[in-house]
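Shown here: run-v6.tsv, TSV, C-alpha atoms.
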```tsv
chain	number	residue	atom	x	y	z
A	228	MET	CA	37.07	91.76	79.93
A	229	LYS	CA	37.56	89.20	77.19
A	230	CYS	CA	40.37	89.00	74.67
A	231	ARG	CA	39.20	90.43	71.34
A	232	VAL	CA	41.07	87.68	69.45
A	233	CYS	CA	40.53	84.42	71.34
A	234	GLY	CA	37.68	85.22	73.74
A	235	GLN	CA	39.62	84.06	76.80
A	236	GLU	CA	40.22	86.29	79.83
A	237	ALA	CA	42.01	89.51	78.77
A	238	HIS	CA	45.17	90.62	80.60
A	239	ILE	CA	45.50	94.13	79.24
A	240	SER	CA	43.04	96.69	77.95
A	241	LEU	CA	44.25	98.87	75.09
A	242	ARG	CA	41.90	101.85	75.14
A	243	ALA	CA	43.74	103.64	72.33
A	244	TYR	CA	42.74	100.74	70.06
A	245	ASN	CA	39.37	100.14	71.76
A	246	THR	CA	40.32	96.55	72.52
A	247	ALA	CA	41.58	94.13	75.17
A	248	LEU	CA	43.93	91.17	74.71
A	249	CYS	CA	45.20	88.11	76.55
A	250	SER	CA	48.96	87.80	77.18
A	251	GLN	CA	49.61	85.64	74.14
A	252	ASP	CA	47.67	87.79	71.69
A	253	PHE	CA	49.10	90.98	73.19
A	254	THR	CA	52.65	89.65	72.65
A	255	PHE	CA	51.80	88.93	69.02
A	256	PHE	CA	50.17	92.38	68.64
A	257	LEU	CA	53.15	94.27	70.07
A	258	GLU	CA	55.82	92.34	68.19
A	259	LYS	CA	53.86	92.87	64.96
A	260	ARG	CA	53.66	96.60	65.66
A	261	VAL	CA	57.45	96.73	66.10
A	262	SER	CA	57.98	94.62	62.99
A	263	ASP	CA	55.64	96.87	60.95
A	264	THR	CA	57.45	100.00	62.17
A	265	VAL	CA	60.85	98.53	61.27
A	266	GLN	CA	59.64	97.64	57.78
A	267	LYS	CA	57.55	100.73	57.05
A	268	TYR	CA	60.37	103.14	57.88
A	269	HIS	CA	63.17	100.81	56.68
A	270	LEU	CA	64.80	101.02	60.11
A	271	ILE	CA	66.90	97.87	59.90
A	272	GLU	CA	67.77	95.75	56.91
A	273	LYS	CA	68.71	92.11	57.30
A	274	ASN	CA	72.39	92.69	56.45
A	275	ASP	CA	72.83	95.63	58.85
A	276	THR	CA	75.17	95.31	61.83
A	277	SER	CA	73.11	96.64	64.72
A	278	ILE	CA	73.70	97.53	68.33
A	279	VAL	CA	71.10	98.42	70.98
A	280	ALA	CA	71.65	101.24	73.46
A	281	VAL	CA	70.68	99.49	76.70
A	282	SER	CA	70.01	101.03	80.10
A	283	GLY	CA	68.58	98.08	82.03
A	284	GLY	CA	65.07	99.57	81.78
A	285	LYS	CA	61.96	97.97	80.26
A	286	ASP	CA	62.18	99.69	76.88
A	287	SER	CA	65.77	98.99	75.88
A	288	LEU	CA	65.77	95.41	77.17
A	289	SER	CA	62.43	94.72	75.50
A	290	VAL	CA	63.41	96.16	72.12
A	291	TRP	CA	66.58	94.03	72.23
A	292	HIS	CA	64.49	90.94	73.05
A	293	ILE	CA	61.84	91.67	70.39
A	294	LEU	CA	64.34	92.38	67.61
A	295	ASN	CA	66.11	89.10	68.32
A	296	ARG	CA	62.77	87.30	68.13
A	297	LEU	CA	62.08	89.03	64.81
A	298	GLY	CA	65.42	87.86	63.45
A	299	TYR	CA	67.39	91.11	63.81
A	300	LYS	CA	70.47	90.06	65.76
A	301	ALA	CA	72.04	92.91	67.74
A	302	ASP	CA	74.72	93.49	70.36
A	303	GLY	CA	74.42	95.98	73.24
A	304	ILE	CA	76.13	99.14	74.47
A	305	TYR	CA	75.73	100.31	78.07
A	306	VAL	CA	77.02	103.54	79.59
A	307	ASP	CA	77.68	102.95	83.29
A	308	LEU	CA	77.02	106.36	84.84
A	309	GLY	CA	78.67	105.44	88.13
A	310	ILE	CA	75.48	105.88	90.21
A	311	GLY	CA	76.27	103.27	92.87
A	312	GLU	CA	73.88	100.36	93.27
A	313	TYR	CA	71.53	101.69	90.56
A	314	SER	CA	74.22	101.38	87.88
A	315	ARG	CA	75.52	98.04	89.20
A	316	GLU	CA	72.04	96.49	89.24
A	317	SER	CA	71.29	97.83	85.75
A	318	LEU	CA	74.44	96.20	84.37
A	319	GLU	CA	73.62	92.86	86.02
A	320	LYS	CA	70.19	92.83	84.36
A	321	ILE	CA	71.71	93.75	81.00
A	322	LYS	CA	74.26	90.95	81.25
A	323	LYS	CA	71.49	88.43	81.98
A	324	VAL	CA	69.56	89.45	78.86
A	325	ALA	CA	72.76	89.49	76.77
A	326	GLU	CA	73.50	85.94	77.89
A	327	ALA	CA	69.97	84.78	77.03
A	328	LEU	CA	70.23	86.39	73.59
A	329	GLN	CA	73.80	85.17	73.04
A	330	SER	CA	74.89	88.75	72.39
A	331	LYS	CA	77.87	90.88	73.28
A	332	VAL	CA	77.69	94.00	75.47
A	333	PHE	CA	80.13	96.89	75.31
A	334	VAL	CA	80.32	98.85	78.56
A	335	PHE	CA	81.69	102.34	79.01
A	336	HIS	CA	82.40	102.99	82.70
A	337	ILE	CA	82.29	106.74	83.35
A	338	ARG	CA	84.18	106.35	86.66
A	339	LYS	CA	86.98	104.47	84.94
A	340	ILE	CA	87.68	107.37	82.57
A	341	PHE	CA	86.68	110.42	84.65
A	342	GLU	CA	87.39	109.02	88.14
A	343	ARG	CA	83.98	110.38	89.21
A	344	GLY	CA	80.30	109.70	88.57
A	345	ILE	CA	77.85	111.62	86.37
A	346	ASN	CA	76.63	113.85	89.22
A	347	GLU	CA	80.13	115.11	90.05
A	348	ILE	CA	80.90	115.64	86.35
A	349	ALA	CA	77.66	117.62	85.91
A	350	LYS	CA	78.43	119.79	88.94
A	351	THR	CA	81.91	120.59	87.66
A	352	ILE	CA	80.67	121.71	84.25
A	353	ARG	CA	77.59	123.41	85.78
A	354	ARG	CA	75.01	121.35	83.95
A	355	VAL	CA	72.12	119.31	85.30
A	356	PRO	CA	72.95	115.56	85.42
A	357	CYS	CA	70.43	114.70	82.63
A	358	SER	CA	72.11	117.15	80.27
A	359	ALA	CA	75.65	115.87	80.97
A	360	CYS	CA	74.40	112.28	80.78
A	361	GLY	CA	72.68	112.86	77.40
A	362	MET	CA	75.78	114.48	75.94
A	363	ILE	CA	78.11	111.67	77.09
A	364	LYS	CA	75.70	108.88	76.10
A	365	ARG	CA	75.13	110.27	72.59
A	366	TYR	CA	78.87	110.53	72.05
A	367	VAL	CA	79.83	107.13	73.50
A	368	MET	CA	77.06	105.27	71.70
A	369	ASN	CA	78.07	106.82	68.41
A	370	LYS	CA	81.71	106.08	69.14
A	371	VAL	CA	81.10	102.37	69.67
A	372	CYS	CA	79.32	102.23	66.30
A	373	ILE	CA	82.10	104.01	64.43
A	374	ASP	CA	84.97	102.15	66.16
A	375	LYS	CA	83.45	98.67	66.24
A	376	GLY	CA	81.73	98.70	62.86
A	377	TYR	CA	78.01	98.89	63.70
A	378	ASN	CA	76.02	100.83	61.11
A	379	VAL	CA	72.72	101.05	63.05
A	380	LEU	CA	72.23	102.25	66.61
A	381	ILE	CA	68.88	101.12	68.05
A	382	THR	CA	67.32	102.98	70.95
A	383	GLY	CA	64.33	102.12	73.15
A	384	HIS	CA	62.57	105.49	72.79
A	385	ASN	CA	58.85	104.80	73.02
A	386	LEU	CA	55.70	106.70	72.02
A	387	ASP	CA	55.50	108.52	75.37
A	388	ASP	CA	59.15	109.64	75.17
A	389	GLU	CA	58.61	111.01	71.68
A	390	VAL	CA	55.30	112.72	72.41
A	391	ALA	CA	56.69	114.31	75.60
A	392	ALA	CA	59.75	115.59	73.73
A	393	LEU	CA	57.57	116.92	70.90
A	394	MET	CA	55.37	118.72	73.41
A	395	GLY	CA	58.43	120.29	75.05
A	396	ASN	CA	59.78	121.42	71.68
A	397	LEU	CA	56.40	122.94	70.80
A	398	LEU	CA	55.92	124.73	74.12
A	399	TYR	CA	59.29	126.44	73.84
A	400	TRP	CA	59.23	126.65	70.01
A	401	LYS	CA	62.58	124.93	69.70
A	402	LYS	CA	62.70	125.21	65.93
A	403	GLU	CA	66.09	123.49	65.71
A	404	TYR	CA	64.54	120.27	67.07
A	405	LEU	CA	60.86	120.65	66.19
A	406	TRP	CA	61.00	119.14	62.72
A	407	LYS	CA	63.59	116.49	63.44
A	408	LYS	CA	61.50	113.96	65.34
A	409	SER	CA	61.31	110.72	63.43
A	410	PRO	CA	61.58	106.93	63.84
A	411	PHE	CA	65.06	107.29	62.29
A	412	LEU	CA	67.88	109.81	62.13
A	413	GLU	CA	70.22	109.56	59.19
A	414	GLY	CA	73.94	109.06	59.80
A	415	ARG	CA	76.99	110.72	58.28
A	416	GLU	CA	79.46	108.33	56.75
A	417	GLY	CA	82.43	107.77	59.06
A	418	HIS	CA	81.20	110.34	61.58
A	419	LEU	CA	77.69	109.63	62.78
A	420	SER	CA	75.79	106.36	62.99
A	421	ARG	CA	72.22	105.96	61.76
A	422	LYS	CA	69.85	105.93	64.76
A	423	VAL	CA	66.53	104.09	64.77
A	424	LYS	CA	63.60	103.85	67.18
A	425	PRO	CA	61.54	100.68	66.60
A	426	LEU	CA	59.26	101.47	69.61
A	427	PHE	CA	58.24	104.86	68.17
A	428	LEU	CA	54.55	103.85	68.08
A	429	CYS	CA	54.50	101.65	71.22
A	430	SER	CA	53.36	103.27	74.47
A	431	GLU	CA	55.28	103.09	77.71
A	432	ARG	CA	52.40	101.14	79.29
A	433	GLU	CA	52.47	98.60	76.47
A	434	MET	CA	56.23	98.19	76.85
A	435	ALA	CA	55.99	97.61	80.60
A	436	ALA	CA	53.25	95.03	80.01
A	437	TYR	CA	55.36	93.31	77.35
A	438	ALA	CA	58.37	93.12	79.69
A	439	LEU	CA	56.22	91.68	82.50
A	440	ILE	CA	54.54	89.10	80.29
A	441	SER	CA	57.85	88.07	78.66
A	442	GLY	CA	59.61	87.73	82.02
A	443	ILE	CA	62.20	90.39	81.16
A	444	ASP	CA	63.91	91.32	84.42
A	445	TYR	CA	64.30	95.09	84.12
A	446	ILE	CA	65.21	97.76	86.65
A	447	TYR	CA	62.02	99.27	88.15
A	448	GLU	CA	63.78	102.06	89.99
A	449	GLU	CA	63.92	105.44	88.35
A	450	CYS	CA	67.33	107.04	87.78
A	451	PRO	CA	67.78	109.11	90.99
A	452	PHE	CA	68.71	112.18	88.94
A	453	SER	CA	65.67	112.13	86.66
A	454	VAL	CA	63.03	112.70	89.36
A	455	ASP	CA	62.70	116.38	88.44
A	456	ALA	CA	63.03	115.85	84.69
A	457	LYS	CA	60.65	118.02	82.66
A	458	SER	CA	59.80	115.03	80.50
A	459	LEU	CA	58.01	113.49	83.51
A	460	THR	CA	55.82	116.59	83.85
A	461	TYR	CA	54.91	116.44	80.16
A	462	LYS	CA	54.20	112.73	80.39
A	463	ASN	CA	51.91	113.37	83.33
A	464	ILE	CA	49.92	115.97	81.37
A	465	LEU	CA	49.71	113.70	78.33
A	466	ASN	CA	48.58	110.72	80.42
A	467	ASN	CA	45.80	112.85	81.91
A	468	LEU	CA	44.69	113.65	78.37
A	469	GLU	CA	44.96	109.97	77.42
A	470	GLU	CA	42.82	109.00	80.42
A	471	THR	CA	39.89	111.09	79.16
A	472	SER	CA	40.60	110.78	75.43
A	473	PRO	CA	42.25	107.44	74.64
A	474	GLY	CA	44.47	107.52	71.55
A	475	THR	CA	45.51	111.17	71.92
A	476	LYS	CA	49.24	110.42	72.10
A	477	LEU	CA	49.15	108.19	69.04
A	478	GLN	CA	47.13	110.74	67.04
A	479	PHE	CA	49.52	113.52	68.05
A	480	ILE	CA	52.63	111.71	66.81
A	481	LYS	CA	50.98	110.25	63.70
A	482	GLY	CA	49.68	113.70	62.75
A	483	TYR	CA	53.16	115.09	63.25
A	484	LEU	CA	54.71	112.41	61.01
A	485	LYS	CA	52.22	113.32	58.26
A	486	MET	CA	53.06	117.02	58.67
A	487	ILE	CA	56.81	116.56	58.28
A	488	LYS	CA	56.63	114.17	55.36
A	489	GLY	CA	59.05	115.46	52.75
A	490	GLY	CA	59.48	118.76	54.54
A	491	LYS	CA	62.27	118.06	56.98
A	492	GLU	CA	64.77	120.79	57.57
A	493	THR	CA	68.41	119.95	57.14
A	494	SER	CA	71.22	121.64	58.91
A	495	SER	CA	74.03	122.77	56.66
A	496	ASP	CA	76.43	124.38	59.14
A	497	ILE	CA	77.61	121.14	60.75
A	498	THR	CA	81.35	120.74	61.02
A	499	TYR	CA	83.43	117.92	62.47
A	500	CYS	CA	85.53	117.90	65.62
A	501	ALA	CA	89.20	118.39	64.74
A	502	THR	CA	90.21	115.91	67.46
A	503	CYS	CA	87.77	113.01	67.02
A	504	GLY	CA	85.65	113.69	63.92
A	505	TYR	CA	82.30	113.83	65.75
A	506	PRO	CA	79.80	116.30	64.24
A	507	CYS	CA	79.73	119.60	66.15
A	508	TYR	CA	79.16	123.34	65.75
A	509	GLY	CA	82.74	124.52	66.26
A	510	ASP	CA	86.26	123.20	66.03
A	511	LYS	CA	85.89	120.83	68.96
A	512	CYS	CA	82.97	118.69	70.17
A	513	ASN	CA	81.57	118.92	73.70
A	514	MET	CA	82.97	115.53	74.67
A	515	CYS	CA	86.54	116.43	73.66
A	516	ARG	CA	86.16	119.71	75.57
A	517	LEU	CA	84.99	117.71	78.59
A	518	LEU	CA	87.95	115.32	78.37
A	519	ASP	CA	90.32	118.30	78.06
A	520	ARG	CA	88.72	119.94	81.07
A	521	PHE	CA	89.56	116.90	83.22
A	522	HIS	CA	93.00	116.53	81.58
A	523	ILE	CA	92.11	113.06	80.35
A	524	GLU	CA	94.32	111.61	77.68
A	525	ASN	CA	93.11	108.00	77.83
A	526	ARG	CA	90.19	108.47	75.53
A	527	ILE	CA	87.11	106.33	75.07
A	528	ASP	CA	87.58	102.68	75.93
A	529	PHE	CA	85.07	99.84	76.38
A	530	ASP	CA	84.87	96.68	78.46
A	531	VAL	CA	83.28	93.81	76.58
A	532	TYR	CA	81.06	91.13	78.11
A	533	GLY	CA	80.06	87.98	76.26
A	534	ASP	CA	82.89	88.14	73.73
A	535	ASN	CA	83.50	84.39	74.04
A	536	LEU	CA	79.90	83.26	73.68
A	537	ASP	CA	79.17	80.18	71.69
A	538	ARG	CA	76.90	81.74	69.09
A	539	SER	CA	76.06	78.40	67.54
A	540	GLN	CA	73.78	77.72	70.53
A	541	LYS	CA	70.09	78.41	70.12
A	542	MET	CA	68.98	81.81	71.41
A	543	MET	CA	66.75	81.63	74.49
A	544	THR	CA	64.01	84.08	73.57
B	122	MET	CA	44.52	91.51	100.33
B	123	GLN	CA	48.15	92.52	100.26
B	124	VAL	CA	48.99	95.51	98.05
B	125	GLU	CA	52.53	96.47	97.05
B	126	LEU	CA	53.26	99.97	95.77
B	127	ASP	CA	56.72	101.53	95.40
B	128	GLY	CA	58.28	98.89	97.65
B	129	LYS	CA	55.74	99.40	100.47
B	130	ILE	CA	53.25	96.72	101.43
B	131	LEU	CA	49.76	97.55	102.66
B	132	GLU	CA	46.89	95.37	103.87
B	133	ILE	CA	43.39	96.10	102.56
B	134	GLU	CA	40.38	94.29	104.00
B	135	LYS	CA	37.65	95.34	101.61
B	136	SER	CA	37.11	93.43	98.39
B	137	MET	CA	36.88	95.59	95.25
B	138	ASP	CA	37.73	95.68	91.57
B	139	VAL	CA	41.03	96.93	90.15
B	140	SER	CA	39.74	100.31	88.91
B	141	ARG	CA	38.39	101.07	92.40
B	142	LEU	CA	41.74	100.13	93.94
B	143	LEU	CA	43.56	102.49	91.54
B	144	GLN	CA	41.13	105.26	92.47
B	145	GLN	CA	41.79	104.68	96.18
B	146	PHE	CA	45.49	105.28	95.59
B	147	SER	CA	44.76	108.17	93.19
B	148	LEU	CA	46.56	106.33	90.42
B	149	SER	CA	45.79	106.37	86.71
B	150	ARG	CA	45.34	103.23	84.62
B	151	GLU	CA	47.57	104.97	82.07
B	152	THR	CA	50.52	105.12	84.44
B	153	HIS	CA	50.15	101.89	86.44
B	154	LEU	CA	49.75	98.23	85.61
B	155	VAL	CA	48.20	95.84	88.09
B	156	VAL	CA	49.58	92.37	88.71
B	157	VAL	CA	47.54	89.96	90.83
B	158	ASN	CA	49.15	86.75	92.04
B	159	ASP	CA	51.89	87.23	89.40
B	160	ARG	CA	49.43	87.76	86.53
B	161	LEU	CA	48.61	90.97	84.73
B	162	VAL	CA	44.92	91.88	85.01
B	163	THR	CA	42.49	94.39	83.47
B	164	GLU	CA	40.66	97.16	85.35
B	165	ASP	CA	37.41	95.18	85.76
B	166	HIS	CA	39.16	92.27	87.53
B	167	ARG	CA	37.58	91.53	90.92
B	168	LEU	CA	40.13	91.33	93.72
B	169	GLY	CA	39.77	88.69	96.43
B	170	ARG	CA	40.72	88.87	100.11
B	171	ASP	CA	43.73	86.56	99.73
B	172	ASP	CA	45.15	88.18	96.59
B	173	ARG	CA	48.71	89.50	96.36
B	174	VAL	CA	48.50	92.71	94.35
B	175	LYS	CA	51.37	94.69	92.86
B	176	LEU	CA	50.88	98.17	91.41
B	177	ILE	CA	53.61	98.81	88.86
B	178	ARG	CA	54.48	102.31	87.72
B	179	VAL	CA	55.24	102.37	84.01
B	180	VAL	CA	56.45	105.95	83.50
B	181	SER	CA	60.15	106.69	83.42
B	182	GLY	CA	61.92	109.98	82.83
B	183	GLY	CA	65.24	111.14	81.43
```
What does this structure look like when you write it as structure tokens?
Amino acid sequence: MKCRVCGQEAHISLRAYNTALCSQDFTFFLEKRVSDTVQKYHLIEKNDTSIVAVSGGKDSLSVWHILNRLGYKADGIYVDLGIGEYSRESLEKIKKVAEALQSKVFVFHIRKIFERGINEIAKTIRRVPCSACGMIKRYVMNKVCIDKGYNVLITGHNLDDEVAALMGNLLYWKKEYLWKKSPFLEGREGHLSRKVKPLFLCSEREMAAYALISGIDYIYEECPFSVDAKSLTYKNILNNLEETSPGTKLQFIKGYLKMIKGGKETSSDITYCATCGYPCYGDKCNMCRLLDRFHIENRIDFDVYGDNLDRSQKMMT
Amino acid sequence: MQVELDGKILEIEKSMDVSRLLQQFSLSRETHLVVVNDRLVTEDHRLGRDDRVKLIRVVSGG
């Protein structure tokens, strides 16, 4: 296959776009797609103070890398779930990227606060690890924004993540979530940070290719607790559809975005946690309940890596 | 050629193209990228006997 742009040997075929590109032209294509998404949906403005939720995986490290290349400087926030070598290796890879980008990383160590890892926490509160993990991550990532003055939280959710979640919400008619999928989620002043997803229209395959081509050293291993995640089943079904009908995932999400235009439901019965101010549906948020359950008084605290970086140096991107 | 998949290394004698190799492992081009001698390649790339091939899974859950 030849590159559609330069005619040299292609390195990736993009069947959804009926094209193939070499590494250099693919990099340009993907970064432009991210840039267009950021601008079209007004995800990040130049004077915003942004932070990227990083896991050590291809998506979060790549979005951090791309945004820096596009001129959107951002720091990082990592939630160390206390899953042995998997968490340690993830943090090492994050620190390497942070150093290359001359950025700071805040780290919340679950074991430091709870004296146990995510699996033990989940067992105690009788939830599956992914559910406990999601709840803690959402809280901690919001907390770092509110406490440290970041007004935009960037996540690495990609097209496949969004389409799989949409499919799950449709199958079970989860009305409370069905109309809330978007490249951005508005914040609530002083309580909830604005969340944005610059990779909303970039597939998982494209993101893995970008990371490989750009030499981003990400963690290949899957989180050991996500092997039975429903999202993987949905992704499998959607990839089978994509195999026979290229472009299906993109059409699905683009059609959805057209459908919800101007018709998004808003929730009016949100209250704020009496202890910490986080939005919730009662007098106390789930995180404060969790901390109470383990009799933890030392509340959320972060380690910071790269606080003394010389930011006058040129970024290595 | 030497083929790496999920940390395991296999030896394959027969020369073939990438799409045929994916079929042999029952893998989809939507879920796996193929790197040959440290370079990403497309499905029509012809694999040689001395190539080092890595099949990289791109799907993650959670």
message: Which polymer residues, whether protein, DNA or RNA, lie within 12 Å of the coordinate (54.3, 87.8, 90.8) when you count all atoms listed in the file? List them as a PyMOL selection string, using the chain letters and numbers from the file.
response: (chain A and resi 439-440+442) or (chain B and resi 124-125+155-162+172-177)
Residues of chain B within 7 Å of chain A, counting all atoms listed in the file, as a short mmCIF file (atom, residue, chain, number, x, y, z; two decimals) with C-alpha atoms, in the coordinates of the input:
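result.cif, written as the output of this step:
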```cif
data_model
loop_
_atom_site.label_atom_id
_atom_site.label_comp_id
_atom_site.auth_asym_id
_atom_site.auth_seq_id
_atom_site.Cartn_x
_atom_site.Cartn_y
_atom_site.Cartn_z
CA GLU B 151 47.57 104.97 82.07
CA THR B 152 50.52 105.12 84.44
CA LEU B 161 48.61 90.97 84.73
CA VAL B 162 44.92 91.88 85.01
CA THR B 163 42.49 94.39 83.47
CA ASP B 165 37.41 95.18 85.76
CA VAL B 179 55.24 102.37 84.01
CA VAL B 180 56.45 105.95 83.50
CA SER B 181 60.15 106.69 83.42
CA GLY B 182 61.92 109.98 82.83
CA GLY B 183 65.24 111.14 81.43
#
```
task: Find, counting all atoms listed in the file, the residue in A:Arg260, A:Tyr483, A:Asp534, A:Val390 that gets nearest to A:Glu326.
output: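 Checking each of A:Arg260, A:Tyr483, A:Asp534, A:Val390 against A:Glu326, counting all atoms listed in the file, the winner is A:Asp534.
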message: Would you compute the distance between atom CA of A:Lys408 and atom CA of A:Leu294? Give it in Å to one decimal.
response: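 Separation of atom CA of A:Lys408 and atom CA of A:Leu294: 21.9 Å.
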- prompt: Which residues, protein or nucleic acid, reach to within 8 Å of (42.4, 96.0, 88.0) in the file's coordinates when using all atoms listed in the file, and can you give that as a VMD selection string?
  reply: chain B and resid 138 to 143 155 162 to 168
Given 8 Å on each side, where is the centre and what are the edge lengths in Å to one decimal of the axis-aligned box enclosing the listed atoms of stretch 381-387 of chain A, as lines of an AutoDock Vina configuration file?
```
center_x = 62.2
center_y = 104.8
center_z = 71.7
size_x = 29.4
size_y = 23.4
size_z = 23.3
```
Nearest to A:Trp406 by atom-to-atom distance, counting only C-alpha atoms, from A:Leu484, A:Met368, A:Val355, A:Ile310: A:Leu484
- request: Tell me which protein, DNA and RNA residues are within 12 Å of A:Arg516, counting only C-alpha atoms, leaving out same-chain ones fewer than 6 positions away, and put them as JSON, numbers by chain.
  value: {"A": [352, 362, 363, 500, 501, 502, 503, 507, 509, 510, 522, 523, 524, 526]}
task: Find, counting only C-alpha atoms, the residue in A:Met514, A:Cys233, A:Val281, A:Met486 that gets nearest to A:Ala359.
output: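 For A:Ala359, the nearest of the candidates is A:Met514.
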message: Rounded to one decimal, what separation in Å do you get between atom CA of A:Leu257 and atom CA of A:Leu297?
response: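 It comes out at 11.6 Å.
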field: A:Ser314, A:Asn385, A:Asn535, A:Thr276 ranked by distance to A:Gln329, top pick (using all atoms listed in the file)
entry: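 Using all atoms listed in the file, A:Gln329 sits closest to A:Asn535.
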message: Neighbouring residues of B:Ile133 were defined as those with any atom within 10 Å, considering all atoms listed in the file; residues of the same chain fewer than 2 positions away were excluded. Please report them as a ChimeraX atom specification.
response: /B:122-124,130-131,135-137,142,170-171
query: Between atom CA of A:Ser287 and atom CA of A:His384, what is the spacing in Å?
result: 7.9 Å
Within 9 Å of A:Leu412 using all atoms listed in the file, minus same-chain residues under 3 positions, as a short mmCIF file (atom, residue, chain, number, x, y, z; two decimals) with C-alpha atoms, in the coordinates of the input:
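Just written: selection_21.cif:
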```
data_model
loop_
_atom_site.label_atom_id
_atom_site.label_comp_id
_atom_site.auth_asym_id
_atom_site.auth_seq_id
_atom_site.Cartn_x
_atom_site.Cartn_y
_atom_site.Cartn_z
CA LYS A 407 63.59 116.49 63.44
CA LYS A 408 61.50 113.96 65.34
CA SER A 409 61.31 110.72 63.43
CA SER A 420 75.79 106.36 62.99
CA ARG A 421 72.22 105.96 61.76
CA LYS A 422 69.85 105.93 64.76
CA VAL A 423 66.53 104.09 64.77
CA LYS A 424 63.60 103.85 67.18
#
```
Could you write stretch 399-417 of chain A as a JSON list (two decimals), keeping the file's coordinate frame, with N, CA and C atoms rebuilt where they are missing?
```json
[["chain", "number", "residue", "atom", "x", "y", "z"],
["A", 399, "TYR", "N", 58.21, 125.45, 73.84],
["A", 399, "TYR", "CA", 59.29, 126.44, 73.84],
["A", 399, "TYR", "C", 59.72, 126.82, 72.41],
["A", 400, "TRP", "N", 58.95, 126.36, 71.42],
["A", 400, "TRP", "CA", 59.23, 126.65, 70.01],
["A", 400, "TRP", "C", 60.70, 126.46, 69.67],
["A", 401, "LYS", "N", 61.18, 125.26, 70.01],
["A", 401, "LYS", "CA", 62.58, 124.93, 69.70],
["A", 401, "LYS", "C", 62.65, 124.50, 68.23],
["A", 402, "LYS", "N", 62.75, 125.49, 67.37],
["A", 402, "LYS", "CA", 62.70, 125.21, 65.93],
["A", 402, "LYS", "C", 63.79, 124.26, 65.47],
["A", 403, "GLU", "N", 64.96, 124.33, 66.14],
["A", 403, "GLU", "CA", 66.09, 123.49, 65.71],
["A", 403, "GLU", "C", 65.81, 122.00, 65.92],
["A", 404, "TYR", "N", 64.87, 121.68, 66.82],
["A", 404, "TYR", "CA", 64.54, 120.27, 67.07],
["A", 404, "TYR", "C", 63.15, 119.90, 66.57],
["A", 405, "LEU", "N", 62.29, 120.90, 66.42],
["A", 405, "LEU", "CA", 60.86, 120.65, 66.19],
["A", 405, "LEU", "C", 60.57, 119.76, 64.99],
["A", 406, "TRP", "N", 61.31, 119.91, 63.93],
["A", 406, "TRP", "CA", 61.00, 119.14, 62.72],
["A", 406, "TRP", "C", 61.92, 117.96, 62.53],
["A", 407, "LYS", "N", 62.62, 117.58, 63.59],
["A", 407, "LYS", "CA", 63.59, 116.49, 63.44],
["A", 407, "LYS", "C", 63.16, 115.19, 64.11],
["A", 408, "LYS", "N", 61.96, 115.16, 64.66],
["A", 408, "LYS", "CA", 61.50, 113.96, 65.34],
["A", 408, "LYS", "C", 61.08, 112.93, 64.29],
["A", 409, "SER", "N", 61.59, 111.74, 64.45],
["A", 409, "SER", "CA", 61.31, 110.72, 63.43],
["A", 409, "SER", "C", 61.69, 109.34, 63.97],
["A", 410, "PRO", "N", 61.15, 108.27, 63.39],
["A", 410, "PRO", "CA", 61.58, 106.93, 63.84],
["A", 410, "PRO", "C", 63.03, 106.64, 63.47],
["A", 411, "PHE", "N", 63.64, 107.50, 62.63],
["A", 411, "PHE", "CA", 65.06, 107.29, 62.29],
["A", 411, "PHE", "C", 65.77, 108.63, 62.10],
["A", 412, "LEU", "N", 67.04, 108.63, 62.38],
["A", 412, "LEU", "CA", 67.88, 109.81, 62.13],
["A", 412, "LEU", "C", 69.03, 109.35, 61.26],
["A", 413, "GLU", "N", 69.18, 109.99, 60.13],
["A", 413, "GLU", "CA", 70.22, 109.56, 59.19],
["A", 413, "GLU", "C", 71.62, 109.77, 59.76],
["A", 414, "GLY", "N", 72.56, 108.93, 59.35],
["A", 414, "GLY", "CA", 73.94, 109.06, 59.80],
["A", 414, "GLY", "C", 74.76, 109.90, 58.85],
["A", 415, "ARG", "N", 76.03, 110.06, 59.17],
["A", 415, "ARG", "CA", 76.99, 110.72, 58.28],
["A", 415, "ARG", "C", 78.20, 109.83, 58.17],
["A", 416, "GLU", "N", 78.43, 109.34, 57.00],
["A", 416, "GLU", "CA", 79.46, 108.33, 56.75],
["A", 416, "GLU", "C", 80.77, 108.61, 57.50],
["A", 417, "GLY", "N", 81.16, 107.66, 58.34],
["A", 417, "GLY", "CA", 82.43, 107.77, 59.06],
["A", 417, "GLY", "C", 82.40, 108.68, 60.27]]
```
